[in-house]
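Asker: Below is the file protein30.cif, which contains mmCIF, C-alpha atoms.
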data_protein
loop_
_atom_site.label_atom_id
_atom_site.label_comp_id
_atom_site.auth_asym_id
_atom_site.auth_seq_id
_atom_site.Cartn_x
_atom_site.Cartn_y
_atom_site.Cartn_z
CA MET A 1 -54.87 69.78 -46.28
CA GLU A 2 -52.29 68.33 -48.65
CA GLN A 3 -53.47 65.81 -51.22
CA ASN A 4 -51.85 62.39 -51.07
CA GLY A 5 -50.74 62.71 -54.66
CA GLU A 6 -48.91 65.95 -53.92
CA ASP A 7 -47.24 64.41 -50.87
CA SER A 8 -45.90 61.45 -52.80
CA HIS A 9 -44.75 63.69 -55.68
CA SER A 10 -42.99 66.05 -53.27
CA SER A 11 -41.30 63.28 -51.34
CA SER A 12 -40.18 61.68 -54.60
CA ASP A 13 -38.69 64.98 -55.83
CA ASP A 14 -36.94 65.52 -52.49
CA TYR A 15 -35.48 62.04 -52.62
CA GLU A 16 -34.22 62.39 -56.19
CA THR A 17 -32.29 65.55 -55.34
CA ALA A 18 -30.26 63.56 -52.79
CA VAL A 19 -29.90 60.21 -54.54
CA GLU A 20 -28.37 58.98 -57.76
CA ILE A 21 -29.89 55.74 -59.02
CA THR A 22 -28.34 53.28 -61.44
CA PRO A 23 -30.52 51.33 -63.95
CA LEU A 24 -30.29 48.18 -61.82
CA GLN A 25 -31.21 50.16 -58.71
CA SER A 26 -34.11 51.78 -60.56
CA GLN A 27 -35.57 48.33 -61.19
CA ASN A 28 -35.09 47.39 -57.55
CA ASN A 29 -36.72 50.61 -56.39
CA ALA A 30 -39.66 50.14 -58.69
CA LYS A 31 -40.10 46.72 -57.13
CA GLU A 32 -39.81 48.26 -53.65
CA ASP A 33 -42.55 50.77 -54.42
CA THR A 34 -45.04 47.97 -54.90
CA VAL A 35 -44.40 46.67 -51.37
CA PRO A 36 -46.90 47.98 -48.81
CA ARG A 37 -45.12 50.28 -46.39
CA GLY A 38 -48.04 51.19 -44.12
CA LYS A 39 -46.68 49.38 -41.07
CA GLU A 40 -43.26 51.01 -41.37
CA GLN A 41 -44.81 54.47 -41.80
CA TRP A 42 -46.95 54.05 -38.70
CA GLN A 43 -43.96 52.79 -36.74
CA ASN A 44 -41.98 55.88 -37.69
CA LEU A 45 -44.86 58.20 -36.81
CA LEU A 46 -45.25 56.53 -33.42
CA ALA A 47 -41.49 56.53 -32.86
CA PHE A 48 -41.22 60.28 -33.46
CA TRP A 49 -44.16 60.86 -31.11
CA ILE A 50 -42.34 58.92 -28.39
CA LEU A 51 -39.09 60.76 -29.11
CA GLY A 52 -40.83 64.13 -28.84
CA LEU A 53 -42.52 63.03 -25.61
CA THR A 54 -39.37 61.75 -23.91
CA ASN A 55 -37.08 64.51 -25.19
CA ASN A 56 -39.13 67.32 -23.64
CA PHE A 57 -40.31 65.42 -20.58
CA GLY A 58 -37.39 66.35 -18.33
CA TYR A 59 -37.43 69.98 -19.42
CA VAL A 60 -41.14 70.26 -18.60
CA VAL A 61 -40.92 68.48 -15.26
CA MET A 62 -38.09 70.73 -14.10
CA LEU A 63 -40.18 73.82 -14.86
CA SER A 64 -43.20 72.28 -13.13
CA ALA A 65 -41.00 71.57 -10.10
CA ALA A 66 -39.35 75.01 -10.20
CA HIS A 67 -41.40 76.46 -7.36
CA ASP A 68 -40.58 73.41 -5.23
CA ILE A 69 -36.88 73.28 -6.15
CA LEU A 70 -36.42 76.88 -4.99
CA SER A 71 -38.28 76.25 -1.77
CA HIS A 72 -36.35 75.63 1.44
CA ASP A 73 -38.46 72.50 1.95
CA PHE A 74 -37.02 70.79 -1.15
CA THR A 75 -33.46 70.26 0.10
CA GLN A 76 -34.63 69.84 3.70
CA ASP A 77 -37.18 67.21 2.64
CA ASN A 78 -37.44 64.50 5.28
CA GLY A 79 -39.61 62.25 3.15
CA ASN A 80 -42.90 63.51 4.56
CA GLN A 81 -44.97 65.38 2.00
CA SER A 82 -47.33 66.69 4.68
CA SER A 83 -44.49 68.73 6.20
CA TRP A 84 -44.41 70.97 3.11
CA SER A 85 -45.80 74.44 3.56
CA THR A 86 -45.79 77.77 1.81
CA ALA A 87 -44.07 80.87 3.04
CA ASN A 88 -45.25 83.02 5.92
CA THR A 89 -48.06 85.03 4.37
CA THR A 90 -48.29 87.27 7.43
CA THR A 91 -44.97 88.95 6.68
CA ASN A 92 -45.05 88.12 2.96
CA PRO A 93 -48.65 88.49 1.74
CA ARG A 94 -47.70 87.68 -1.85
CA ASP A 95 -46.13 84.40 -0.66
CA CYS A 96 -43.03 84.92 -2.82
CA ASN A 97 -40.04 82.62 -2.99
CA THR A 98 -36.80 84.47 -2.30
CA VAL A 99 -35.62 83.49 -5.81
CA SER A 100 -37.73 83.69 -8.96
CA THR A 101 -38.57 80.51 -10.85
CA GLY A 102 -36.88 82.38 -13.71
CA ALA A 103 -33.61 81.13 -12.18
CA VAL A 104 -34.68 77.54 -12.83
CA LEU A 105 -35.85 78.59 -16.29
CA LEU A 106 -32.38 79.93 -17.13
CA ALA A 107 -30.72 76.75 -15.86
CA ASP A 108 -33.25 74.80 -17.94
CA ILE A 109 -32.63 76.70 -21.17
CA VAL A 110 -29.16 78.32 -21.39
CA PRO A 111 -27.30 74.99 -21.90
CA ALA A 112 -29.86 74.07 -24.58
CA LEU A 113 -29.35 77.47 -26.22
CA VAL A 114 -25.57 76.95 -26.41
CA ILE A 115 -26.00 73.47 -27.86
CA LYS A 116 -28.55 74.66 -30.44
CA MET A 117 -26.17 77.43 -31.48
CA PHE A 118 -23.44 74.99 -32.51
CA ALA A 119 -25.13 71.63 -33.19
CA PRO A 120 -26.52 72.51 -36.66
CA PHE A 121 -22.97 73.28 -37.83
CA MET A 122 -21.57 69.97 -36.59
CA CYS A 123 -21.67 66.50 -38.12
CA SER A 124 -24.81 64.60 -37.29
CA TYR A 125 -23.61 61.36 -35.71
CA ILE A 126 -27.16 60.53 -34.75
CA HIS A 127 -26.55 57.34 -32.72
CA LEU A 128 -23.80 59.01 -30.67
CA ARG A 129 -25.97 62.06 -30.10
CA VAL A 130 -28.96 60.03 -28.94
CA SER A 131 -26.75 58.04 -26.58
CA ALA A 132 -25.58 61.31 -25.03
CA VAL A 133 -29.19 62.52 -24.70
CA VAL A 134 -30.22 59.34 -22.87
CA VAL A 135 -27.29 59.61 -20.43
CA LEU A 136 -27.86 63.33 -19.76
CA CYS A 137 -31.58 62.81 -19.20
CA SER A 138 -30.93 59.99 -16.71
CA CYS A 139 -28.40 62.09 -14.81
CA SER A 140 -30.80 65.02 -14.56
CA PHE A 141 -33.54 63.08 -12.75
CA ALA A 142 -31.02 61.31 -10.51
CA ILE A 143 -29.16 64.48 -9.49
CA VAL A 144 -32.24 66.60 -8.76
CA GLY A 145 -33.94 63.72 -6.97
CA ALA A 146 -30.91 63.22 -4.73
CA ALA A 147 -30.08 66.92 -4.30
CA THR A 148 -28.98 68.05 -0.84
CA SER A 149 -28.65 71.72 -1.77
CA ARG A 150 -30.26 74.20 -4.13
CA THR A 151 -27.02 74.37 -6.13
CA MET A 152 -26.98 70.61 -6.65
CA ALA A 153 -30.59 70.69 -7.80
CA ILE A 154 -29.79 73.46 -10.30
CA VAL A 155 -26.92 71.33 -11.68
CA GLY A 156 -29.44 68.56 -12.31
CA VAL A 157 -31.67 71.04 -14.16
CA VAL A 158 -28.68 71.97 -16.35
CA PHE A 159 -28.32 68.30 -17.35
CA ALA A 160 -32.03 68.23 -18.32
CA SER A 161 -31.53 71.33 -20.44
CA ALA A 162 -28.51 69.89 -22.24
CA ALA A 163 -30.42 66.68 -22.98
CA SER A 164 -33.45 68.54 -24.33
CA GLY A 165 -31.41 70.93 -26.50
CA LEU A 166 -29.22 68.25 -28.05
CA GLY A 167 -32.21 65.96 -28.56
CA GLU A 168 -34.43 68.56 -30.22
CA THR A 169 -31.75 69.68 -32.66
CA SER A 170 -30.70 66.12 -33.51
CA PHE A 171 -34.19 64.65 -33.93
CA LEU A 172 -35.48 67.55 -36.03
CA GLN A 173 -32.46 67.35 -38.30
CA TYR A 174 -32.92 63.58 -38.57
CA ALA A 175 -36.61 64.11 -39.40
CA ALA A 176 -35.57 65.59 -42.76
CA ASN A 177 -34.85 61.99 -43.85
CA PHE A 178 -38.48 60.98 -43.33
CA HIS A 179 -41.89 62.04 -44.62
CA ARG A 180 -42.96 65.47 -43.38
CA ASN A 181 -45.78 63.90 -41.32
CA VAL A 182 -43.24 62.88 -38.70
CA LEU A 183 -42.99 66.58 -37.84
CA SER A 184 -46.64 66.50 -36.82
CA THR A 185 -46.18 63.51 -34.54
CA TRP A 186 -42.90 64.89 -33.14
CA SER A 187 -44.64 68.18 -32.30
CA SER A 188 -47.58 66.30 -30.82
CA GLY A 189 -45.15 64.28 -28.71
CA THR A 190 -43.44 67.41 -27.40
CA GLY A 191 -46.88 68.75 -26.51
CA GLY A 192 -47.69 65.44 -24.87
CA ALA A 193 -44.51 65.78 -22.81
CA GLY A 194 -45.95 68.98 -21.44
CA VAL A 195 -49.24 67.41 -20.46
CA PHE A 196 -47.93 64.10 -19.15
CA GLY A 197 -44.86 65.64 -17.53
CA ALA A 198 -46.67 68.41 -15.70
CA LEU A 199 -49.64 66.16 -14.89
CA ALA A 200 -47.46 63.30 -13.63
CA TYR A 201 -45.56 65.63 -11.32
CA ALA A 202 -48.72 67.30 -10.02
CA VAL A 203 -50.51 63.99 -9.44
CA LEU A 204 -47.56 62.21 -7.81
CA THR A 205 -47.00 65.06 -5.37
CA SER A 206 -50.73 65.33 -4.69
CA VAL A 207 -51.09 61.64 -3.74
CA GLY A 208 -48.30 61.80 -1.16
CA LEU A 209 -44.93 61.39 -2.89
CA THR A 210 -42.38 64.08 -2.11
CA PRO A 211 -41.12 66.16 -5.04
CA ARG A 212 -37.75 64.41 -4.81
CA ASN A 213 -39.21 60.90 -4.97
CA SER A 214 -41.53 61.99 -7.78
CA LEU A 215 -38.51 63.02 -9.84
CA LEU A 216 -36.64 59.78 -9.12
CA SER A 217 -39.64 57.77 -10.34
CA MET A 218 -39.23 59.39 -13.77
CA LEU A 219 -35.96 57.60 -14.54
CA LEU A 220 -38.08 55.34 -16.78
CA VAL A 221 -38.36 58.18 -19.32
CA PRO A 222 -34.84 57.90 -20.86
CA ILE A 223 -35.36 54.14 -21.15
CA ALA A 224 -38.49 54.77 -23.21
CA MET A 225 -36.50 57.16 -25.43
CA ALA A 226 -33.85 54.52 -26.10
CA LEU A 227 -36.49 51.91 -27.00
CA GLY A 228 -38.29 54.34 -29.30
CA PHE A 229 -35.13 55.24 -31.22
CA TRP A 230 -33.25 51.93 -31.43
CA VAL A 231 -36.15 49.46 -31.42
CA LEU A 232 -39.26 51.10 -32.87
CA LEU A 233 -37.91 53.58 -35.43
CA LYS A 234 -37.15 52.22 -38.91
CA HIS A 235 -33.98 54.04 -39.87
CA PRO A 236 -33.27 55.04 -43.46
CA HIS A 237 -30.45 53.32 -45.31
CA GLU A 238 -27.14 54.31 -43.71
CA PRO A 239 -24.23 54.24 -46.18
CA GLN A 240 -20.70 53.25 -45.21
CA CYS A 241 -18.55 56.40 -45.28
CA TRP A 242 -14.79 56.29 -45.47
CA THR A 243 -14.23 59.83 -44.15
CA ASP A 244 -15.86 61.71 -41.33
CA CYS A 245 -18.28 64.39 -42.53
CA SER A 246 -17.20 63.79 -46.12
CA ASN A 247 -19.20 65.36 -48.90
CA SER A 248 -19.53 62.05 -50.68
CA CYS A 249 -20.57 58.74 -49.21
CA HIS A 250 -20.52 55.51 -51.15
CA VAL A 251 -22.14 52.14 -50.66
CA ARG A 252 -20.10 49.09 -51.54
CA GLU A 253 -22.89 46.63 -52.25
CA GLU A 254 -24.17 46.23 -55.82
CA GLY A 255 -27.80 47.03 -56.38
CA GLU A 256 -28.17 49.24 -53.29
CA ARG A 257 -28.96 52.94 -53.30
CA ILE A 258 -25.96 55.24 -53.57
CA LEU A 259 -25.89 58.49 -51.63
CA SER A 260 -23.78 60.97 -53.56
CA ALA A 261 -22.59 64.47 -52.66
CA ARG A 262 -26.11 65.42 -51.70
CA ASP A 263 -26.01 63.67 -48.33
CA PRO A 264 -27.93 66.30 -46.28
CA PRO A 265 -25.74 66.53 -43.17
CA ALA A 266 -22.59 67.08 -45.23
CA SER A 267 -23.72 68.80 -48.45
CA LEU A 268 -23.75 72.34 -47.07
CA SER A 269 -20.39 73.85 -46.32
CA LEU A 270 -19.91 76.00 -43.24
CA ALA A 271 -19.92 79.12 -45.40
CA HIS A 272 -23.19 78.11 -47.08
CA LYS A 273 -24.78 77.50 -43.69
CA PHE A 274 -23.88 81.00 -42.50
CA GLN A 275 -25.21 82.43 -45.76
CA ALA A 276 -28.52 80.60 -45.20
CA ILE A 277 -29.16 82.11 -41.74
CA PRO A 278 -30.67 85.46 -42.94
CA SER A 279 -33.27 83.58 -44.97
CA LEU A 280 -34.33 81.72 -41.80
CA LEU A 281 -35.03 84.86 -39.79
CA ARG A 282 -38.61 84.93 -41.11
CA TYR A 283 -39.17 81.72 -39.15
CA MET A 284 -36.97 82.44 -36.15
CA VAL A 285 -38.00 85.98 -35.20
CA PRO A 286 -41.77 85.42 -34.78
CA LEU A 287 -41.06 82.20 -32.86
CA THR A 288 -38.64 84.04 -30.57
CA VAL A 289 -41.15 86.81 -29.84
CA VAL A 290 -43.89 84.29 -29.00
CA TYR A 291 -41.59 82.41 -26.63
CA ILE A 292 -40.45 85.57 -24.83
CA ALA A 293 -44.07 86.38 -23.99
CA GLU A 294 -44.92 82.79 -23.16
CA TYR A 295 -42.16 82.26 -20.64
CA VAL A 296 -42.40 85.69 -19.05
CA ILE A 297 -45.90 84.50 -18.14
CA ASN A 298 -44.91 80.97 -17.09
CA GLN A 299 -41.81 81.71 -15.04
CA GLY A 300 -42.23 85.38 -14.18
CA LEU A 301 -45.92 85.86 -13.47
CA LEU A 302 -47.78 82.63 -12.72
CA GLU A 303 -46.00 81.99 -9.43
CA LEU A 304 -47.14 85.48 -8.33
CA ILE A 305 -50.80 84.90 -9.17
CA TYR A 306 -51.92 83.34 -5.94
CA PHE A 307 -55.43 82.85 -4.57
CA PRO A 308 -55.23 82.51 -0.76
CA GLN A 309 -58.97 81.81 -0.59
CA GLU A 310 -58.38 78.56 -2.52
CA LYS A 311 -55.67 77.21 -0.21
CA MET A 312 -58.04 74.81 1.50
CA TRP A 313 -57.97 72.63 -1.64
CA LEU A 314 -54.94 74.04 -3.50
CA ASN A 315 -52.02 75.63 -1.65
CA HIS A 316 -49.59 77.94 -3.44
CA HIS A 317 -47.27 75.14 -4.60
CA GLU A 318 -50.23 73.19 -5.98
CA GLN A 319 -51.77 76.20 -7.72
CA TYR A 320 -48.49 76.74 -9.58
CA ARG A 321 -48.27 73.06 -10.56
CA TRP A 322 -51.80 73.06 -11.99
CA TYR A 323 -51.16 76.26 -13.92
CA GLN A 324 -48.34 74.35 -15.62
CA VAL A 325 -50.59 71.35 -16.32
CA ILE A 326 -53.30 73.47 -17.93
CA TYR A 327 -50.77 75.42 -19.99
CA GLN A 328 -49.31 72.17 -21.28
CA VAL A 329 -52.77 70.85 -22.21
CA GLY A 330 -53.15 73.87 -24.48
CA VAL A 331 -49.72 73.28 -26.01
CA PHE A 332 -50.49 69.60 -26.62
CA VAL A 333 -53.82 70.32 -28.35
CA SER A 334 -52.39 72.94 -30.70
CA ARG A 335 -49.19 71.04 -31.50
CA SER A 336 -51.32 68.04 -32.48
CA SER A 337 -53.55 70.02 -34.84
CA VAL A 338 -51.25 71.07 -37.67
CA ASN A 339 -52.82 68.60 -40.11
CA CYS A 340 -56.19 70.23 -39.42
CA VAL A 341 -55.40 73.92 -38.86
CA HIS A 342 -52.61 75.86 -40.58
CA ILE A 343 -51.46 79.30 -39.43
CA HIS A 344 -49.59 81.07 -42.23
CA HIS A 345 -48.80 84.30 -40.35
CA ILE A 346 -46.97 83.33 -37.16
CA TRP A 347 -46.69 86.99 -36.10
CA LYS A 348 -50.40 86.96 -35.24
CA THR A 349 -49.74 84.51 -32.44
CA SER A 350 -47.03 86.89 -31.16
CA VAL A 351 -49.51 89.77 -30.88
CA LEU A 352 -52.11 87.65 -29.09
CA GLN A 353 -49.51 86.24 -26.69
CA TRP A 354 -48.36 89.72 -25.66
CA ILE A 355 -51.96 90.64 -24.91
CA ASN A 356 -51.91 87.71 -22.48
CA VAL A 357 -48.74 89.16 -20.90
CA VAL A 358 -50.49 92.47 -20.23
CA LEU A 359 -53.55 90.79 -18.70
CA LEU A 360 -51.58 88.47 -16.43
CA LEU A 361 -49.01 91.13 -15.49
CA THR A 362 -51.74 93.42 -14.19
CA CYS A 363 -53.30 90.43 -12.43
CA ALA A 364 -50.00 89.59 -10.71
CA ILE A 365 -49.63 93.19 -9.50
CA PHE A 366 -53.18 94.12 -8.55
CA TRP A 367 -54.82 90.69 -8.09
CA TRP A 368 -57.85 92.06 -9.93
CA ILE A 369 -58.94 88.61 -11.15
CA ARG A 370 -60.94 87.11 -8.30
CA SER A 371 -61.47 83.60 -9.70
CA ILE A 372 -58.73 81.05 -10.23
CA TRP A 373 -60.88 79.50 -12.97
CA LEU A 374 -60.52 82.61 -15.13
CA VAL A 375 -56.74 82.37 -14.79
CA PHE A 376 -56.97 78.70 -15.79
CA VAL A 377 -58.77 79.76 -18.99
CA LEU A 378 -56.15 82.42 -19.81
CA VAL A 379 -53.33 79.95 -19.21
CA LEU A 380 -55.01 77.38 -21.48
CA TRP A 381 -55.29 80.05 -24.22
CA GLU A 382 -51.62 80.93 -23.71
CA GLY A 383 -50.68 77.28 -24.28
CA LEU A 384 -52.78 77.03 -27.42
CA LEU A 385 -51.03 80.06 -28.93
CA GLY A 386 -47.54 78.88 -28.02
CA GLY A 387 -48.04 75.38 -29.36
CA ALA A 388 -49.56 76.67 -32.60
CA ALA A 389 -46.60 78.98 -33.21
CA TYR A 390 -44.10 76.13 -32.72
CA VAL A 391 -45.68 73.46 -34.90
CA ASN A 392 -46.71 75.80 -37.72
CA THR A 393 -43.21 77.26 -37.91
CA PHE A 394 -41.62 73.87 -38.56
CA TYR A 395 -44.46 72.81 -40.84
CA LYS A 396 -43.81 75.92 -42.98
CA ILE A 397 -40.13 75.01 -43.19
CA SER A 398 -41.03 71.50 -44.40
CA GLN A 399 -43.25 73.05 -47.07
CA GLU A 400 -41.10 75.96 -48.22
CA GLN A 401 -37.55 74.58 -48.00
CA VAL A 402 -37.64 72.35 -51.07
CA ASP A 403 -33.95 71.44 -51.00
CA ASP A 404 -33.25 68.59 -48.58
CA ALA A 405 -29.89 69.94 -47.50
CA HIS A 406 -31.26 73.37 -46.63
CA LYS A 407 -34.33 71.83 -45.03
CA GLU A 408 -32.30 69.80 -42.55
CA PHE A 409 -30.15 72.79 -41.62
CA ALA A 410 -33.23 75.03 -41.33
CA MET A 411 -34.92 72.56 -38.98
CA GLY A 412 -31.93 72.48 -36.67
CA MET A 413 -31.17 76.20 -36.78
CA THR A 414 -34.73 77.40 -36.18
CA THR A 415 -34.79 75.61 -32.83
CA PHE A 416 -32.33 78.30 -31.75
CA GLY A 417 -35.16 80.83 -32.06
CA ASP A 418 -37.41 79.35 -29.40
CA SER A 419 -34.49 78.81 -27.00
CA MET A 420 -33.35 82.40 -27.48
CA GLY A 421 -36.87 83.58 -26.65
CA VAL A 422 -36.98 81.45 -23.48
CA THR A 423 -33.54 82.71 -22.40
CA ILE A 424 -34.53 86.36 -22.83
CA ALA A 425 -37.73 85.63 -20.88
CA GLY A 426 -35.67 84.14 -18.04
CA PHE A 427 -33.59 87.31 -17.72
CA ILE A 428 -36.79 89.38 -17.71
CA ALA A 429 -38.57 87.12 -15.20
CA ILE A 430 -36.01 87.44 -12.38
CA PRO A 431 -36.07 91.25 -11.93
CA LEU A 432 -39.80 91.28 -12.69
CA HIS A 433 -40.36 88.82 -9.84
CA ASN A 434 -38.30 90.95 -7.45
CA VAL A 435 -40.11 94.17 -8.34
CA ILE A 436 -43.61 92.71 -8.01
CA CYS A 437 -42.75 90.95 -4.74
CA SER A 438 -41.63 94.27 -3.27
CA LEU A 439 -44.94 95.94 -4.08
CA PRO A 440 -47.52 96.24 -1.29
CA LEU A 441 -50.94 94.66 -1.59
CA SER A 442 -54.06 96.70 -1.02
CA ARG A 443 -55.74 95.98 2.30
CA SER A 444 -58.66 94.26 0.54
CA HIS A 445 -56.36 91.53 -0.81
CA LYS A 446 -54.53 90.64 2.40
#
Could you take the file, read its structure, and then write that structure out as structure tokens?

Answerer:
Amino acid sequence: MEQNGEDSHSSSDDYETAVEITPLQSQNNAKEDTVPRGKEQWQNLLAFWILGLTNNFGYVVMLSAAHDILSHDFTQDNGNQSSWSTANTTTNPRDCNTVSTGAVLLADIVPALVIKMFAPFMCSYIHLRVSAVVVLCSCSFAIVGAATSRTMAIVGVVFASAASGLGETSFLQYAANFHRNVLSTWSSGTGGAGVFGALAYAVLTSVGLTPRNSLLSMLLVPIAMALGFWVLLKHPHEPQCWTDCSNSCHVREEGERILSARDPPASLSLAHKFQAIPSLLRYMVPLTVVYIAEYVINQGLLELIYFPQEKMWLNHHEQYRWYQVIYQVGVFVSRSSVNCVHIHHIWKTSVLQWINVVLLLTCAIFWWIRSIWLVFVLVLWEGLLGGAAYVNTFYKISQEQVDDAHKEFAMGMTTFGDSMGVTIAGFIAIPLHNVICSLPLSRSHK
């Protein structure tokens, strides 16, 4: 654990690299330092938790609903949840959808991947970006909830992906202007999105709401994001700039802090940003490998691990939903633990996650695991590993990137790593689904 003294010294050093202070301002700042700032700090921590929660909520819900979205019943929904059924297991003993949930995964990640590829190189107009995220998130729930065809539903998923990708890049870059502890609460919030998103969808559909109405009820989420950002969060001083993306911003008022050429979003030139990418590969590559394994499991294998003997209390759709809930519980726990447990070698989580792939792949093919509870345990472990890899990667960046300008760029660029991993997993999941579904089951499993 970091000592408080080290934290304050580090944050002071980081601040001084970005700010020039006049004698008059130095006196004012010394006076400011005597003012208790506990309430503001807690507000910012809570605000970043809410932003993490709401930013990932739509992304998670779309993946939890993937099995339903690809079902014929989704677009033919007549408002009666009891009319939902799984496929004909007589002719299709594996109860496969005709299309893999990997298709929804790709729709839910490729737009985010494209945005994360370019956003770190663009000017960070944070208020404009957040406005776009709120609008995109609202559209995603409305379009999928009102979908009359599979294509229309997929378009709604694309909107959710764009919102999540733009939000993650923007909020993580903006976090460089705050104490590093906001990274912990942001990560915890993204983990909470997994739990609350997957759980909310599973519970709402279990108590009688149709999947479509369940999604429409979640239009409150973007409202919560807007309140968290514009009402709760205490924004740092925002100087008045005369030129867009200029390398020097000046404040007109006497006695206020002056941001010089070290303003983080503008201090690195495009050439310097490209030069910094190779140094970020030590963060991005292990994160990418973990996410490939993680989402091959989630969107390529879990829908194929079906326990017909449990259908009296959990049908196939419900089994898949609860796999997602349990996975997200693991993610939430590990993403909330970075202040207690630090993992310095992220590659270890990659190795352990690929062991999970082997176990669950053989289970999907041979159905050798006879208890759904054992699969629940493996899925929980998978979530713990994935969440730990994510939060510890960004925590390492906050510790090792001492220059504020590089830190902000590193935060935004490294998000490309997890999206690349998810995208690769989506392309693996679709043919994997088709191959496994074509395999016969032994007579003892029918």

Asker: Select, from A:Ile346, A:Val99, A:Leu136, A:Ala198, the residue with the minimum atom-to-atom distance to Ser164 of chain A, counting all atoms listed in the file.

Answerer: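 With all atoms listed in the file as the atom set, the closest residue is A:Leu136.
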
Asker: Can you spell out as a PyMOL selection string the set of residues that the PyMOL selection byres ((chain A and resi 380) around 12) selects in the structure I just provided?

Answerer: chain A and resi 195+294+298+322-334+353+356+373-379+381-387

Asker: Which one is closest to Ser100 of chain A: A:His345, A:Arg370, A:His433, A:Arg129? Count only C-alpha atoms.

Answerer: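 So, comparing all the options, the nearest one is A:His433.
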
Asker: In Å to one decimal, how far is atom CA of Ser279 of chain A from atom CA of Met117 of chain A?

Answerer: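 Calculated distance between atom CA of Met117 of chain A and atom CA of Ser279 of chain A is 16.4 Å.
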
Asker: For each of A:Ala153, A:Leu128, A:Leu172, A:Val182, take the minimum atom-to-atom distance to Trp49 of chain A, counting all atoms listed in the file, then give the residue where this is smallest.

Answerer: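 When distances to Trp49 of chain A are compared using all atoms listed in the file, the smallest one comes from A:Val182.
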
Asker: Determine the residue membership of the PyMOL selection byres ((chain A and resi 183) around 8) for the file above and supply it as a PyMOL selection string.

Answerer: chain A and resi 48+172+175+180-182+184-187+391+394-395

Asker: Take the PyMOL selection byres ((chain A and resi 139-141) around 10), run it mentally on this structure, and tell me the resulting residues as JSON, numbers by chain.

Answerer: {"A": [58, 59, 61, 62, 133, 134, 135, 136, 137, 138, 142, 143, 144, 145, 146, 147, 153, 154, 155, 156, 157, 158, 159, 160, 161, 162, 163, 212, 213, 214, 215, 216, 217, 218, 219, 220, 221, 222]}

Asker: Can you find the residues with an atom no farther than 10 Å from (-41.9, 84.0, -30.6), counting all atoms listed in the file, and report them as a PyMOL selection string?

Answerer: chain A and resi 283-294+346-347+349-351+353-354+386+389-390+417-422

Asker: One decimal, in Å: what's the spacing between atom CA of Ile365 of chain A and atom CA of Leu106 of chain A?

Answerer: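 According to the coordinates, atom CA of Ile365 of chain A and atom CA of Leu106 of chain A are separated by 23.1 Å.
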
Asker: One decimal, in Å: what's the spacing between atom CA of Ala425 of chain A and atom CA of Leu352 of chain A?

Answerer: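 A separation of 16.7 Å between them.
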
Asker: Which residue out of A:Val130, A:Leu360, A:Ile372, A:Ala47 has the minimum interatomic distance to Leu233 of chain A when all atoms listed in the file are used?

Answerer: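 Once distances to Leu233 of chain A are computed over all atoms listed in the file, the minimum belongs to A:Ala47.
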
Asker: Leaving out Gly52 of chain A and any residue of its chain fewer than 2 positions from it, which residues lie within 6 Å of it when counting all atoms listed in the file, given as a list in words?

Answerer: Trp49, Ile50, Thr54, Asn55, Trp186, Gly189 and Thr190 of chain A

Asker: Write out as JSON an axis-aligned box for segment 419-433 of chain A: all of its atoms listed in the file, 5 Å added on each side, centre and edge lengths in Å with one decimal.

Answerer:
{"center_x": -36.9, "center_y": 85.0, "center_z": -18.7, "size_x": 17.0, "size_y": 22.5, "size_z": 27.6}
